[in-house]
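Enquirer: Got query-v4.csv for you, CSV, C-alpha atoms:
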```csv
chain,number,residue,atom,x,y,z
A,1,MET,CA,-12.4,62.7,-9.8
A,2,VAL,CA,-11.0,60.8,-6.9
A,3,PHE,CA,-13.2,58.2,-5.2
A,4,THR,CA,-12.0,58.2,-1.6
A,5,SER,CA,-15.0,56.3,-0.1
A,6,LEU,CA,-14.2,53.1,-2.1
A,7,VAL,CA,-11.2,52.5,0.1
A,8,ASN,CA,-13.5,52.1,3.1
A,9,PHE,CA,-15.1,49.0,1.5
A,10,ALA,CA,-11.9,47.0,1.5
A,11,ARG,CA,-11.9,44.5,4.4
A,12,SER,CA,-8.4,43.5,5.4
A,13,LYS,CA,-8.1,41.3,8.5
A,14,GLY,CA,-4.5,42.0,9.0
A,15,PRO,CA,-0.9,41.6,7.6
A,16,ASP,CA,-0.9,37.8,7.8
A,17,GLU,CA,-4.1,37.3,6.0
A,18,PHE,CA,-2.4,36.2,2.8
A,19,TRP,CA,-0.4,33.4,4.6
A,20,ARG,CA,-3.4,32.4,6.7
A,21,LYS,CA,-5.5,31.9,3.6
A,22,ARG,CA,-2.6,30.3,1.7
A,23,LYS,CA,-2.6,27.4,4.2
A,24,ILE,CA,-6.2,26.6,3.2
A,25,PHE,CA,-5.7,27.1,-0.6
A,26,LYS,CA,-2.7,24.7,-0.6
A,27,LEU,CA,-5.0,22.0,0.8
A,28,ALA,CA,-7.7,22.8,-1.8
A,29,ALA,CA,-5.4,22.8,-4.8
A,30,HIS,CA,-7.1,19.7,-6.3
A,31,PHE,CA,-10.7,21.0,-5.8
A,32,VAL,CA,-12.9,22.2,-8.7
A,33,GLY,CA,-14.0,25.7,-9.5
A,34,ARG,CA,-14.7,28.3,-6.8
A,35,LYS,CA,-13.9,25.8,-4.0
A,36,ARG,CA,-10.3,26.1,-5.2
A,37,ASN,CA,-10.1,29.9,-5.6
A,38,CYS,CA,-12.5,31.6,-3.2
A,39,TYR,CA,-11.5,31.6,0.5
A,40,SER,CA,-14.9,31.6,2.2
A,41,ILE,CA,-16.1,28.7,0.0
A,42,ALA,CA,-12.8,26.8,0.1
A,43,ILE,CA,-12.6,26.8,3.9
A,44,ARG,CA,-15.9,24.9,4.3
A,45,TYR,CA,-14.8,22.2,1.9
A,46,VAL,CA,-11.3,22.0,3.3
A,47,HIS,CA,-12.7,21.4,6.8
A,48,ARG,CA,-15.0,18.7,5.4
A,49,ALA,CA,-12.0,17.1,3.6
A,50,LEU,CA,-10.1,17.0,6.9
A,51,VAL,CA,-13.0,15.4,8.7
A,52,TYR,CA,-13.3,12.8,6.0
A,53,ALA,CA,-9.6,12.1,6.3
A,54,THR,CA,-9.8,11.6,10.1
A,55,THR,CA,-12.8,9.2,9.9
A,56,GLY,CA,-11.4,7.5,6.9
A,57,ARG,CA,-8.3,6.3,8.8
A,58,LYS,CA,-10.6,4.2,11.1
A,59,LEU,CA,-12.9,3.1,8.2
A,60,LYS,CA,-9.9,1.9,6.1
A,61,LYS,CA,-8.8,-0.5,8.9
A,62,GLN,CA,-12.4,-1.8,9.3
A,63,ASP,CA,-12.8,-2.3,5.6
A,64,MET,CA,-9.5,-4.2,5.3
A,65,ALA,CA,-10.3,-6.4,8.3
A,66,GLN,CA,-13.8,-7.2,6.7
A,67,LEU,CA,-12.2,-8.0,3.4
A,68,TRP,CA,-9.6,-10.3,5.0
A,69,GLU,CA,-12.3,-12.1,7.0
A,70,THR,CA,-14.4,-12.6,3.8
A,71,ARG,CA,-11.5,-13.9,1.9
A,72,LEU,CA,-10.3,-16.2,4.7
A,73,ALA,CA,-13.8,-17.7,5.0
A,74,ALA,CA,-13.9,-18.3,1.2
A,75,ALA,CA,-10.4,-19.9,1.2
A,76,CYS,CA,-11.4,-22.2,4.0
A,77,GLU,CA,-14.7,-23.2,2.4
A,78,GLU,CA,-12.9,-24.2,-0.8
A,79,HIS,CA,-11.2,-27.0,1.3
A,80,GLY,CA,-14.4,-27.7,3.3
A,81,PHE,CA,-13.1,-26.0,6.5
A,82,THR,CA,-14.4,-23.0,8.5
A,83,SER,CA,-12.4,-19.8,9.3
A,84,PRO,CA,-13.0,-19.8,13.2
A,85,LEU,CA,-11.8,-23.4,13.3
A,86,MET,CA,-8.8,-22.5,11.2
A,87,LYS,CA,-7.8,-19.6,13.5
A,88,GLU,CA,-8.3,-21.6,16.6
A,89,SER,CA,-6.4,-24.7,15.4
A,90,LEU,CA,-3.5,-22.8,13.9
A,91,SER,CA,-3.0,-20.8,17.2
A,92,ARG,CA,-3.1,-24.1,19.2
A,93,ASN,CA,-0.3,-25.3,16.8
A,94,ASN,CA,1.6,-22.1,17.7
A,95,ILE,CA,1.3,-20.9,14.0
A,96,LEU,CA,0.6,-17.3,14.8
A,97,LEU,CA,-0.4,-16.0,11.3
A,98,ASN,CA,-2.9,-13.2,11.1
A,99,ARG,CA,-5.8,-13.0,8.7
A,100,LYS,CA,-3.8,-10.8,6.3
A,101,SER,CA,-0.9,-13.3,6.0
A,102,LEU,CA,-3.2,-16.3,5.7
A,103,VAL,CA,-5.1,-14.5,2.9
A,104,GLU,CA,-2.0,-13.6,1.1
A,105,LEU,CA,-0.8,-17.2,1.2
A,106,ALA,CA,-4.2,-18.4,0.0
A,107,ILE,CA,-3.9,-16.1,-3.0
A,108,TRP,CA,-0.2,-16.3,-4.0
A,109,GLU,CA,0.8,-19.7,-2.5
A,110,PRO,CA,-2.3,-21.9,-2.6
A,111,ARG,CA,-0.5,-25.2,-1.9
A,112,THR,CA,1.1,-23.8,1.2
A,113,TYR,CA,-2.4,-22.7,2.3
A,114,GLN,CA,-3.7,-26.2,1.6
A,115,GLY,CA,-0.9,-27.6,3.9
A,116,LEU,CA,-1.9,-25.1,6.6
A,117,THR,CA,-5.5,-26.2,6.3
A,118,SER,CA,-4.5,-29.9,6.7
A,119,ILE,CA,-2.4,-29.0,9.8
A,120,ALA,CA,-5.4,-27.1,11.3
A,121,TRP,CA,-7.8,-30.0,10.5
A,122,GLN,CA,-5.7,-32.6,12.2
A,123,LYS,CA,-5.3,-30.5,15.3
A,124,ALA,CA,-9.0,-29.8,15.4
A,125,ILE,CA,-9.7,-33.5,15.3
A,126,GLU,CA,-7.1,-34.3,17.9
A,127,ASP,CA,-8.3,-31.6,20.3
A,128,ASN,CA,-11.9,-32.1,19.4
A,129,ILE,CA,-12.4,-28.3,19.0
A,130,GLU,CA,-16.0,-27.0,18.9
A,131,GLY,CA,-17.4,-27.1,15.4
A,132,ILE,CA,-15.2,-29.9,14.0
A,133,LYS,CA,-18.1,-32.5,14.3
A,134,ASP,CA,-20.4,-30.4,12.0
A,135,LEU,CA,-17.9,-30.8,9.1
A,136,GLN,CA,-17.7,-33.6,6.5
A,137,PRO,CA,-14.6,-35.8,7.0
A,138,PRO,CA,-11.4,-34.2,5.5
A,139,PRO,CA,-10.8,-35.0,1.8
A,140,GLU,CA,-7.8,-37.4,1.0
A,141,SER,CA,-5.6,-34.6,-0.4
A,142,LEU,CA,-5.6,-33.0,3.1
A,143,THR,CA,-5.0,-36.1,5.2
A,144,LYS,CA,-1.7,-37.1,3.4
A,145,LYS,CA,1.3,-36.3,5.7
B,1,MET,CA,-4.8,12.8,4.8
B,2,SER,CA,-5.0,12.3,1.0
B,3,ASN,CA,-2.1,13.9,-0.7
B,4,SER,CA,-3.9,14.7,-4.0
B,5,HIS,CA,-3.2,18.4,-3.5
B,6,LEU,CA,0.5,17.6,-4.1
B,7,PHE,CA,-0.2,16.3,-7.6
B,8,LEU,CA,2.5,13.7,-7.1
B,9,PRO,CA,2.6,10.8,-9.5
B,10,SER,CA,2.6,7.4,-7.9
B,11,GLY,CA,4.5,4.2,-8.5
B,12,PHE,CA,6.5,1.3,-7.1
B,13,PRO,CA,10.2,1.1,-6.2
B,14,ARG,CA,11.9,0.2,-9.5
B,15,ALA,CA,15.5,0.2,-10.8
B,16,VAL,CA,16.0,1.8,-14.2
B,17,LEU,CA,16.7,-1.1,-16.6
B,18,GLN,CA,17.5,-3.5,-13.7
B,19,ASN,CA,20.4,-1.2,-12.8
B,20,GLY,CA,22.7,-3.0,-10.3
B,21,LEU,CA,21.7,-6.5,-11.4
B,22,GLY,CA,24.7,-6.4,-13.7
B,23,ARG,CA,27.0,-3.4,-13.6
B,24,TYR,CA,25.8,-0.4,-11.7
B,25,ILE,CA,25.6,2.6,-14.0
B,26,CYS,CA,25.4,6.1,-12.4
B,27,GLN,CA,22.2,7.7,-13.7
B,28,LEU,CA,23.5,11.3,-13.3
B,29,GLN,CA,24.7,12.5,-16.7
B,30,ARG,CA,25.8,16.1,-16.0
B,31,ILE,CA,25.8,18.5,-13.1
B,32,THR,CA,26.0,22.3,-13.6
B,33,ILE,CA,27.1,24.4,-10.6
B,34,LYS,CA,26.0,28.0,-10.9
B,35,PHE,CA,27.5,30.3,-8.2
B,36,CYS,CA,28.5,33.9,-7.6
B,37,LYS,CA,32.2,34.6,-7.1
B,38,HIS,CA,31.6,37.3,-4.5
B,39,HIS,CA,28.2,37.1,-2.8
B,40,GLY,CA,28.1,35.4,0.7
B,41,ALA,CA,25.3,33.0,-0.2
B,42,SER,CA,27.7,31.1,-2.5
B,43,ARG,CA,30.4,30.7,0.2
B,44,GLY,CA,29.6,27.1,0.8
B,45,VAL,CA,29.5,26.3,-2.9
B,46,ARG,CA,32.7,28.1,-3.5
B,47,ASN,CA,34.4,26.2,-0.7
B,48,PHE,CA,33.1,22.9,-2.1
B,49,ILE,CA,34.5,23.9,-5.5
B,50,GLU,CA,37.9,24.7,-4.0
B,51,ASN,CA,38.2,21.6,-1.8
B,52,ASP,CA,36.1,18.7,-3.1
B,53,LEU,CA,35.2,19.3,-6.7
B,54,VAL,CA,38.3,17.9,-8.3
B,55,ASP,CA,38.1,14.7,-6.3
B,56,PHE,CA,34.4,14.4,-7.2
B,57,ALA,CA,35.2,14.7,-10.9
B,58,ARG,CA,38.1,12.3,-10.7
B,59,ASN,CA,36.1,9.7,-8.7
B,60,HIS,CA,33.1,9.8,-11.1
B,61,PRO,CA,34.4,10.0,-14.6
B,62,GLY,CA,30.9,9.3,-16.0
B,63,ILE,CA,29.5,12.6,-14.7
B,64,VAL,CA,30.3,15.8,-16.6
B,65,VAL,CA,30.7,18.7,-14.3
B,66,TYR,CA,30.1,22.3,-15.5
B,67,LEU,CA,30.9,25.4,-13.6
B,68,LYS,CA,29.0,28.6,-14.4
B,69,PRO,CA,30.0,31.7,-12.4
B,70,ARG,CA,26.9,34.0,-12.5
B,71,ARG,CA,27.0,37.4,-10.8
B,72,HIS,CA,24.4,38.6,-8.3
B,73,ARG,CA,22.5,35.3,-8.3
B,74,SER,CA,21.8,32.5,-5.8
B,75,PRO,CA,24.0,29.4,-6.2
B,76,VAL,CA,22.3,26.3,-7.8
B,77,LEU,CA,23.2,22.7,-8.4
B,78,SER,CA,21.4,21.7,-11.6
B,79,ALA,CA,21.5,17.9,-12.5
B,80,GLU,CA,20.5,16.2,-15.7
B,81,TYR,CA,19.8,12.4,-15.8
B,82,LEU,CA,20.2,9.7,-18.4
B,83,ASN,CA,16.4,9.4,-18.9
B,84,GLY,CA,16.3,13.2,-19.8
B,85,ASP,CA,14.7,14.8,-16.7
B,86,LYS,CA,16.3,17.5,-14.6
B,87,ASP,CA,16.5,18.4,-11.0
B,88,TYR,CA,17.9,21.4,-9.2
B,89,VAL,CA,18.9,22.3,-5.7
B,90,CYS,CA,19.1,25.9,-4.6
B,91,CYS,CA,22.2,26.2,-2.4
B,92,HIS,CA,21.6,29.7,-0.9
B,93,ASN,CA,23.5,30.0,2.3
B,94,PHE,CA,24.5,26.3,2.4
B,95,THR,CA,27.5,25.1,4.4
B,96,VAL,CA,30.1,23.0,2.6
B,97,GLU,CA,28.8,19.9,4.4
B,98,GLU,CA,25.3,20.5,3.1
B,99,VAL,CA,26.6,21.0,-0.5
B,100,ARG,CA,28.5,17.7,-0.3
B,101,LYS,CA,25.5,15.9,0.9
B,102,TRP,CA,23.2,17.3,-1.8
B,103,MET,CA,25.8,16.4,-4.4
B,104,SER,CA,25.8,12.8,-3.2
B,105,VAL,CA,22.0,12.8,-3.3
B,106,LEU,CA,21.9,14.0,-6.9
B,107,ARG,CA,24.6,11.5,-7.8
B,108,THR,CA,22.8,8.5,-6.4
B,109,GLN,CA,19.3,9.5,-7.5
B,110,GLN,CA,17.7,7.5,-10.4
B,111,SER,CA,15.9,10.4,-11.9
B,112,GLY,CA,14.7,13.9,-11.1
B,113,GLN,CA,11.2,12.8,-10.6
B,114,THR,CA,9.8,12.3,-7.1
B,115,ILE,CA,7.0,9.7,-6.8
B,116,ARG,CA,4.7,8.5,-4.1
B,117,TYR,CA,5.4,4.9,-3.3
B,118,ARG,CA,2.2,2.9,-3.3
B,119,LYS,CA,4.1,0.0,-1.6
B,120,MET,CA,7.6,0.0,-0.2
B,121,TRP,CA,8.4,-3.2,-2.0
B,122,HIS,CA,8.2,-4.7,-5.5
B,123,THR,CA,8.7,-8.1,-7.1
B,124,ASP,CA,8.3,-9.3,-10.6
B,125,HIS,CA,7.5,-12.8,-9.3
B,126,PRO,CA,4.9,-12.5,-6.5
B,127,SER,CA,3.9,-16.2,-6.7
B,128,ILE,CA,6.0,-19.3,-6.7
B,129,GLN,CA,3.3,-22.0,-6.6
B,130,GLY,CA,1.0,-20.2,-9.1
B,131,VAL,CA,-1.6,-17.5,-8.4
B,132,TRP,CA,-5.0,-18.8,-7.2
B,133,SER,CA,-7.6,-19.3,-9.9
B,134,PRO,CA,-11.1,-20.7,-9.5
B,135,PHE,CA,-9.8,-24.0,-10.8
B,136,THR,CA,-6.8,-24.3,-8.4
B,137,ASN,CA,-8.6,-26.3,-5.7
B,138,LYS,CA,-11.0,-28.1,-8.0
B,139,PRO,CA,-10.5,-31.9,-8.8
B,140,PRO,CA,-8.7,-32.2,-12.2
B,141,HIS,CA,-11.2,-34.9,-13.6
B,142,ILE,CA,-13.6,-32.1,-14.4
B,143,ASN,CA,-11.3,-31.2,-17.3
B,144,LEU,CA,-12.1,-34.6,-18.9
B,145,GLU,CA,-15.9,-34.1,-18.7
B,146,THR,CA,-17.8,-34.2,-22.0
B,147,PHE,CA,-20.9,-32.2,-22.3
B,148,PRO,CA,-23.9,-32.6,-22.0
B,149,SER,CA,-23.0,-34.2,-18.6
B,150,GLU,CA,-25.6,-35.9,-16.4
B,151,ASN,CA,-23.9,-35.6,-13.0
B,152,LEU,CA,-22.8,-32.0,-13.5
B,153,SER,CA,-26.2,-30.9,-14.8
B,154,SER,CA,-28.3,-32.4,-11.9
B,155,ALA,CA,-29.6,-30.1,-9.3
B,156,HIS,CA,-28.5,-30.5,-5.7
B,157,PRO,CA,-31.3,-29.2,-3.6
B,158,GLY,CA,-30.8,-29.3,0.2
B,159,PRO,CA,-33.0,-31.4,2.5
B,160,THR,CA,-36.7,-30.7,2.0
B,161,ALA,CA,-38.8,-29.2,4.8
B,162,THR,CA,-40.5,-32.7,5.2
B,163,GLN,CA,-37.1,-34.3,5.5
B,164,LEU,CA,-35.9,-31.7,8.1
B,165,LEU,CA,-39.1,-32.3,10.2
B,166,LEU,CA,-38.6,-36.0,10.1
B,167,ASP,CA,-34.9,-35.6,11.1
B,168,MET,CA,-36.0,-33.4,14.1
B,169,TYR,CA,-38.6,-35.9,15.1
B,170,ASN,CA,-36.2,-38.9,15.0
B,171,ALA,CA,-33.6,-36.9,17.0
B,172,GLU,CA,-36.2,-36.2,19.7
B,173,ILE,CA,-37.3,-39.9,19.8
B,174,GLU,CA,-33.6,-40.9,20.2
B,175,LYS,CA,-33.0,-38.4,23.0
B,176,GLN,CA,-36.1,-39.6,24.9
B,177,LYS,CA,-34.9,-43.2,24.5
B,178,LYS,CA,-31.5,-42.3,25.9
B,179,GLU,CA,-33.0,-40.5,28.9
B,180,SER,CA,-35.3,-43.4,29.7
B,181,GLU,CA,-32.4,-45.9,29.4
B,182,GLY,CA,-30.2,-43.7,31.6
B,183,GLY,CA,-33.0,-43.6,34.2
B,184,ASP,CA,-33.3,-47.4,34.1
B,185,ASN,CA,-29.5,-47.8,34.5
B,186,ARG,CA,-29.5,-45.6,37.6
B,187,GLU,CA,-32.2,-47.7,39.2
```
Could I get this structure in the form of structure tokens?

Expert:
Amino acid sequence: MVFTSLVNFARSKGPDEFWRKRKIFKLAAHFVGRKRNCYSIAIRYVHRALVYATTGRKLKKQDMAQLWETRLAAACEEHGFTSPLMKESLSRNNILLNRKSLVELAIWEPRTYQGLTSIAWQKAIEDNIEGIKDLQPPPESLTKK
Amino acid sequence: MSNSHLFLPSGFPRAVLQNGLGRYICQLQRITIKFCKHHGASRGVRNFIENDLVDFARNHPGIVVYLKPRRHRSPVLSAEYLNGDKDYVCCHNFTVEEVRKWMSVLRTQQSGQTIRYRKMWHTDHPSIQGVWSPFTNKPPHINLETFPSENLSSAHPGPTATQLLLDMYNAEIEKQKKESEGGDNRE
């Protein structure tokens, strides 16, 4: 018995179907279960993964900026200073360090950071930058030259 | 895009056993060149063997070079490293120049393993002044404190609501005084 009608049920989209689907399967290699092996399921999750990757690029930058801002504020508060004053005073002193560098110094070189805070404080007092009057007077360790 | 689909291990740039700090030791232990004596795909490799192989072996006495002529197969450079892992480069239809370059790549590699660099730098001493700890910026006299301690145990509540209202009232009074004085001065 030869079943000739079974051949009609095979749906082949063309000669490049294997390679077209391979592109998707390669991106889904680390998925779990049928998402990794079945094309029509994998394609949905691969598209979703690509969308997450695209939005994630922007979110990563936002997250890092938020983290640096939090850490800078914490580092300034330890010395009794504020982060907007710190940024303003340092830029007026032509010390053009971004939040990332300031935070790295605060973590790995805390004494250097203390020195930067003292420079910023003196400049803020000299120039009478907005916000300096709300602070307590600088501690002795920061006023030594 | 996350590269988890590559299943690549990750790490930092390191030198095997601080290689280069003292004497540089070539990490390539032996290299096996498999080629066909007749097929055209091995032409580049054959030319390399004829022209450059002896110089290579002479210049790098620490690397053992094996030649394996294998009929009807693609040419391959198979490298084994001192840490035990292997790497191979298929040289099918390569030019002599390409074979030379890949030989120098295998020679200068540390190991056959490729990793994803998490950072493009590494240091064993990230901090000179000492890493921040919660006690870094605190006054050292708190170390000499004996417990129970009165001044550390006391609560420090902020100004009470009554106090805040009184402060606001006094500030208003002073403001009005100044305005009336200023008006008097103008007259």

Enquirer: Report, in Å to a single decimal, how far apart atom CA of Trp121 of chain A and atom CA of Glu140 of chain A are.

Expert: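 It comes out at 12.0 Å.
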
Enquirer: What does the distance from atom CA of Val32 of chain A to atom CA of Gly56 of chain A come to in Å, to one decimal?

Expert: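 That distance, rounded to one decimal, is 21.5 Å.
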
Enquirer: Quick one: residues within 10 Å of Arg71 of chain A, all atoms listed in the file, excluding same-chain residues fewer than 2 positions away - as a list in words?

Expert: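 Returned residues: Ala65, Gln66, Leu67, Trp68, Glu69, Ala73, Ala74, Ala75, Cys76, Glu77, Ser83, Arg99, Lys100, Leu102, Val103, Glu104, Ala106 and Ile107 of chain A.
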
Enquirer: Within 8 Å of chain A, which residues of chain B are there when counting only C-alpha atoms? Please give them as a VMD selection string.

Expert: chain B and resid 1 to 2 4 to 7 126 to 132 136 to 137

Enquirer: Specify the axis-aligned box that encloses all atoms of segment 108-118 of chain B listed in the file after padding of 5 Å on each side, stating its centre and edge lengths in Å to one decimal as AutoDock Vina command-line options.

Expert:
```
--center_x 12.5 --center_y 8.4 --center_z -7.6 --size_x 30.6 --size_y 21.0 --size_z 18.6
```

Enquirer: Starting from the incomplete input, reconstruct N, CA, C and O atoms of segment 53-76 of chain A and report them as a short mmCIF file (atom, residue, chain, number, x, y, z; two decimals), keeping the file's coordinate frame.

Expert:
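File written: part.cif
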```
data_model
loop_
_atom_site.label_atom_id
_atom_site.label_comp_id
_atom_site.auth_asym_id
_atom_site.auth_seq_id
_atom_site.Cartn_x
_atom_site.Cartn_y
_atom_site.Cartn_z
N ALA A 53 -10.87 12.73 6.14
CA ALA A 53 -9.60 12.10 6.30
C ALA A 53 -9.46 11.42 7.66
O ALA A 53 -8.97 10.28 7.79
N THR A 54 -9.92 12.13 8.70
CA THR A 54 -9.80 11.60 10.10
C THR A 54 -10.70 10.35 10.22
O THR A 54 -10.23 9.32 10.74
N THR A 55 -11.96 10.43 9.77
CA THR A 55 -12.80 9.20 9.90
C THR A 55 -12.37 8.11 9.03
O THR A 55 -12.51 6.94 9.39
N GLY A 56 -11.82 8.48 7.87
CA GLY A 56 -11.40 7.50 6.90
C GLY A 56 -10.30 6.56 7.41
O GLY A 56 -10.22 5.40 7.04
N ARG A 57 -9.45 7.10 8.31
CA ARG A 57 -8.30 6.30 8.80
C ARG A 57 -8.90 5.07 9.56
O ARG A 57 -8.39 3.96 9.42
N LYS A 58 -9.98 5.30 10.35
CA LYS A 58 -10.60 4.20 11.10
C LYS A 58 -11.32 3.25 10.13
O LYS A 58 -11.23 2.03 10.23
N LEU A 59 -12.06 3.85 9.17
CA LEU A 59 -12.90 3.10 8.20
C LEU A 59 -11.99 2.17 7.39
O LEU A 59 -12.36 1.03 7.08
N LYS A 60 -10.82 2.67 6.99
CA LYS A 60 -9.90 1.90 6.10
C LYS A 60 -9.54 0.57 6.86
O LYS A 60 -9.56 -0.51 6.27
N LYS A 61 -9.20 0.72 8.15
CA LYS A 61 -8.80 -0.50 8.90
C LYS A 61 -9.98 -1.44 8.99
O LYS A 61 -9.81 -2.66 8.84
N GLN A 62 -11.20 -0.89 9.22
CA GLN A 62 -12.40 -1.80 9.30
C GLN A 62 -12.63 -2.48 7.99
O GLN A 62 -12.91 -3.67 7.96
N ASP A 63 -12.52 -1.70 6.89
CA ASP A 63 -12.80 -2.30 5.60
C ASP A 63 -11.79 -3.40 5.26
O ASP A 63 -12.18 -4.46 4.75
N MET A 64 -10.52 -3.16 5.55
CA MET A 64 -9.50 -4.20 5.30
C MET A 64 -9.75 -5.43 6.09
O MET A 64 -9.66 -6.55 5.59
N ALA A 65 -10.09 -5.24 7.38
CA ALA A 65 -10.30 -6.40 8.30
C ALA A 65 -11.52 -7.21 7.73
O ALA A 65 -11.47 -8.44 7.70
N GLN A 66 -12.56 -6.51 7.29
CA GLN A 66 -13.80 -7.20 6.70
C GLN A 66 -13.39 -7.98 5.50
O GLN A 66 -13.78 -9.14 5.30
N LEU A 67 -12.57 -7.34 4.62
CA LEU A 67 -12.20 -8.00 3.40
C LEU A 67 -11.36 -9.26 3.67
O LEU A 67 -11.59 -10.32 3.07
N TRP A 68 -10.40 -9.16 4.62
CA TRP A 68 -9.60 -10.30 5.00
C TRP A 68 -10.45 -11.45 5.53
O TRP A 68 -10.25 -12.61 5.20
N GLU A 69 -11.42 -11.08 6.36
CA GLU A 69 -12.30 -12.10 7.00
C GLU A 69 -13.09 -12.83 5.92
O GLU A 69 -13.20 -14.05 5.92
N THR A 70 -13.65 -12.05 4.94
CA THR A 70 -14.40 -12.60 3.80
C THR A 70 -13.55 -13.61 3.04
O THR A 70 -13.95 -14.73 2.73
N ARG A 71 -12.34 -13.12 2.71
CA ARG A 71 -11.50 -13.90 1.90
C ARG A 71 -11.01 -15.20 2.59
O ARG A 71 -10.90 -16.27 1.99
N LEU A 72 -10.74 -15.07 3.92
CA LEU A 72 -10.30 -16.20 4.70
C LEU A 72 -11.42 -17.28 4.73
O LEU A 72 -11.17 -18.47 4.55
N ALA A 73 -12.66 -16.80 4.95
CA ALA A 73 -13.80 -17.70 5.00
C ALA A 73 -13.94 -18.43 3.63
O ALA A 73 -14.17 -19.64 3.59
N ALA A 74 -13.79 -17.68 2.53
CA ALA A 74 -13.90 -18.30 1.20
C ALA A 74 -12.81 -19.32 0.97
O ALA A 74 -13.07 -20.41 0.44
N ALA A 75 -11.57 -18.99 1.38
CA ALA A 75 -10.40 -19.90 1.20
C ALA A 75 -10.63 -21.19 1.97
O ALA A 75 -10.34 -22.28 1.49
N CYS A 76 -11.15 -21.05 3.21
CA CYS A 76 -11.40 -22.20 4.00
C CYS A 76 -12.50 -23.09 3.43
O CYS A 76 -12.40 -24.32 3.37
#
```
